Structure formats: structure tokens, C-alpha cells
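Chemist: I'd like to ask some things about the structure below.
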Amino acid sequence: FIVLGAAALYASRARARPAVSSLTFRWAGALVALLGLILIALSVVSAAEASLPDEPLYPVKRAVEGLLATAMPPEERALWLAERRWGEFESAVAQGRWFPDLAEESLRHLEEAARFEEGKPSPRQARLRALYERQGVILAQAVRDAPPETRSELARAQREWAQLARMFGQPEGEGPPLPGEGSPPSPAPTAEILRERTRTPPGLERQGTPRPQRT
């Protein structure tokens, strides 16, 4: 009787074992598939980070950016977006590609960020000022070097940038202030602003010698 009972118990365990093993394999397979999808998604997001508006992954970049921006306070979000759009514009200029819409979008975000900080001390002031001055340098280069079909749009962006002098003051060496309401005096440059001024913007290093003037 004891032997029969042990045999029955062993048989029942043997029958149950494949079911448990099959369930385990199914869960393991699902977990591997999920991890694979996560890795693929992270790879796509990472690849999209360097994309530009005429590339297939750019909508992915903007979608992820929108999710991240929702967690930021409005003043930081505006400056972050201004920096990102301008970074794209600089990257494109360095490749000889021209996206005036990126420049104008960056300028709009910069103006929005500056209005948030107007009249109060903020750790973002140096970033605002540095971005503003860098925009002036790159736009001047872009208007000079862009093909004729995009030059007028870039010139419009340059005029929009000039209007921001009423908020930031005239950059050093830019001549008299714009007519109208008058420009506030430029603040003393901080260490961060001075570092930005000495940095060679992308694309400018390609110009080794000045162009000869036409007579």
C-alpha cells in the first residue's frame, strides 16, 4: 500500500511538472520580448536626438521632447526649448543646411523665457544672454552664406533677433540702440557669457580667410 501511494504521488508530480515548466517558459518569453521592445525604443529615441526636421526620426524627437517638457516649470521649459531649437539650427548650418523656421521658433521661445525673468534676478539670466549673443553671431553668418532662396527668411529672423535688444540690450560692438522705446544698458558679462563669446560656433571654423571685397 505504501509503495502504491508513493508511486501515485510521483506520477501526479510528474504530470504537474510539464505544466509548471510550460508556464515558466511562456513568462520568460514574454519578458524577453518586452525587454527587446524597450531596447529598440531606447535605440530609436537615442538616434532621434540628433535628427533634423527633414529626417524620418524628427517627429519621434519632438514627441519625446513634448513629454519631457510637460514636467518642467514654464520659465525653464521656454529656455530649454529655445536652446534645443537653436542647437538644431547651428548643427544644420555647420552642414550647409538651412532651416529658418528653427531660428524663428528659437527666438520666440527665447522671448518667452526672457519675459518670465524680466525684472527679477534669476540663475537663468546668463544662459539667456549667452544664447541671445550666440544667435546674433550665427544669424549674421547664415544671412551671408545661405543660398538666395532662403536668405530673405533668414534676414527676417535676424530682424526678429534685433528686436530682442529692447529686452537684452545691445550686444557689445553692435552700434547704437534701436529707435523707439530705448534699450536698457547691457549687464556686465558673467564668466558663462564670456565663455560663450570665445567659443567658435559650428560652421564658422570653415571660414579660414575673409572673403575679398568686390571693387
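In the C-alpha cells, chains take the letters A, B, ... in the order shown, each chain's residues start at 1, and ligands count up from 1 in the order shown.
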Please provide as a PyMOL selection string all residues within 10 Å of region 48-60 of chain A, with the sequence filter that same-chain residues fewer than 3 positions apart are discarded (counting only C-alpha atoms).
Modeler: chain A and resi 42-45+63-66+85+87-89+91-92+97+99+101-102
Chemist: Show me, as a list in words, the residues that have an atom within 9 Å of Ala155 (chain A) when counting only C-alpha atoms, minus same-chain residues fewer than 5 positions from it.
Modeler: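 The residues satisfying every condition are Leu139, Ala140, Ala142, Val143, Thr150 and Glu160 of chain A.
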Chemist: If we count only C-alpha atoms, what is near Trp80 (chain A) at a cut-off of 9 Å, once residues fewer than 2 positions away on the same chain are taken out, given as a CSV table (one decimal) with all heavy atoms, in the first residue's frame?
Modeler:
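Wrote selection-v9.csv, looks like this:
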```csv
chain,number,residue,atom,x,y,z
A,69,ALA,N,9.0,68.1,-21.6
A,69,ALA,CA,8.7,69.5,-21.3
A,69,ALA,C,7.5,69.7,-20.4
A,69,ALA,O,7.5,70.6,-19.7
A,69,ALA,CB,8.4,70.2,-22.6
A,75,GLU,N,9.1,78.7,-17.1
A,75,GLU,CA,10.2,79.5,-17.5
A,75,GLU,C,11.4,78.7,-17.9
A,75,GLU,O,12.1,79.0,-18.8
A,75,GLU,CB,10.6,80.4,-16.3
A,75,GLU,CG,10.9,79.7,-15.0
A,75,GLU,CD,9.7,79.4,-14.1
A,75,GLU,OE1,8.6,79.5,-14.7
A,75,GLU,OE2,9.9,79.0,-13.0
A,76,GLU,N,11.6,77.5,-17.3
A,76,GLU,CA,12.7,76.6,-17.7
A,76,GLU,C,12.3,75.9,-19.0
A,76,GLU,O,13.2,75.7,-19.8
A,76,GLU,CB,12.9,75.5,-16.6
A,76,GLU,CG,14.0,74.5,-16.9
A,76,GLU,CD,15.4,75.1,-17.1
A,76,GLU,OE1,15.6,76.2,-16.5
A,76,GLU,OE2,16.1,74.6,-17.9
A,77,ARG,N,11.1,75.6,-19.2
A,77,ARG,CA,10.7,74.9,-20.4
A,77,ARG,C,10.9,75.9,-21.6
A,77,ARG,O,11.5,75.4,-22.7
A,77,ARG,CB,9.2,74.6,-20.4
A,77,ARG,CG,8.7,73.9,-21.7
A,77,ARG,CD,7.3,73.4,-21.5
A,77,ARG,NE,6.3,74.4,-21.2
A,77,ARG,CZ,5.6,74.4,-20.0
A,77,ARG,NH1,5.8,73.5,-19.1
A,77,ARG,NH2,4.8,75.3,-19.8
A,78,ALA,N,10.6,77.2,-21.5
A,78,ALA,CA,10.8,78.1,-22.6
A,78,ALA,C,12.3,78.2,-23.0
A,78,ALA,O,12.6,78.2,-24.2
A,78,ALA,CB,10.2,79.5,-22.3
A,82,ALA,N,14.2,76.9,-26.4
A,82,ALA,CA,14.9,77.9,-27.2
A,82,ALA,C,16.3,77.3,-27.5
A,82,ALA,O,16.9,77.4,-28.6
A,82,ALA,CB,15.0,79.2,-26.5
A,83,GLU,N,17.0,76.7,-26.5
A,83,GLU,CA,18.3,76.2,-26.6
A,83,GLU,C,18.3,75.0,-27.6
A,83,GLU,O,19.2,74.8,-28.4
A,83,GLU,CB,18.9,75.8,-25.3
A,83,GLU,CG,19.2,77.0,-24.4
A,83,GLU,CD,19.6,76.6,-23.0
A,83,GLU,OE1,19.1,75.5,-22.5
A,83,GLU,OE2,20.3,77.3,-22.3
A,84,ARG,N,17.3,74.1,-27.5
A,84,ARG,CA,17.2,73.0,-28.3
A,84,ARG,C,17.0,73.3,-29.8
A,84,ARG,O,17.7,72.8,-30.7
A,84,ARG,CB,16.1,72.0,-27.8
A,84,ARG,CG,16.5,71.2,-26.6
A,84,ARG,CD,15.4,70.3,-26.1
A,84,ARG,NE,15.1,69.3,-27.1
A,84,ARG,CZ,15.8,68.1,-27.1
A,84,ARG,NH1,16.9,67.9,-26.3
A,84,ARG,NH2,15.5,67.2,-28.0
A,85,ARG,N,16.1,74.2,-30.1
A,85,ARG,CA,15.9,74.6,-31.4
A,85,ARG,C,17.1,75.3,-32.0
A,85,ARG,O,17.4,75.1,-33.2
A,85,ARG,CB,14.7,75.6,-31.5
A,85,ARG,CG,13.3,75.0,-31.2
A,85,ARG,CD,12.8,73.9,-32.2
A,85,ARG,NE,13.4,72.6,-32.0
A,85,ARG,CZ,13.1,71.8,-31.0
A,85,ARG,NH1,12.1,72.1,-30.2
A,85,ARG,NH2,13.7,70.6,-30.9
A,109,HIS,N,10.8,81.3,-28.4
A,109,HIS,CA,10.9,80.7,-27.1
A,109,HIS,C,11.9,81.5,-26.2
A,109,HIS,O,11.6,81.7,-25.0
A,109,HIS,CB,11.5,79.3,-27.2
A,109,HIS,CG,10.5,78.3,-27.7
A,109,HIS,ND1,9.3,78.1,-27.1
A,109,HIS,CD2,10.5,77.4,-28.7
A,109,HIS,CE1,8.6,77.1,-27.7
A,109,HIS,NE2,9.3,76.7,-28.7
A,110,LEU,N,12.9,82.1,-26.8
A,110,LEU,CA,13.8,83.0,-26.1
A,110,LEU,C,13.1,84.2,-25.5
A,110,LEU,O,13.3,84.6,-24.4
A,110,LEU,CB,15.0,83.4,-26.9
A,110,LEU,CG,16.0,84.3,-26.2
A,110,LEU,CD1,16.7,83.6,-25.1
A,110,LEU,CD2,17.1,84.8,-27.3
A,113,ALA,N,11.0,83.1,-22.6
A,113,ALA,CA,11.8,82.9,-21.4
A,113,ALA,C,12.2,84.2,-20.8
A,113,ALA,O,12.2,84.4,-19.6
A,113,ALA,CB,13.0,82.0,-21.8
```
Chemist: Counting only C-alpha atoms, figure out which residue out of A:Pro171, A:Ile40, A:Leu131, A:Val93 gets nearest to Leu154 (chain A).
Modeler: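 Closest to Leu154 (chain A), using only C-alpha atoms: A:Val93.
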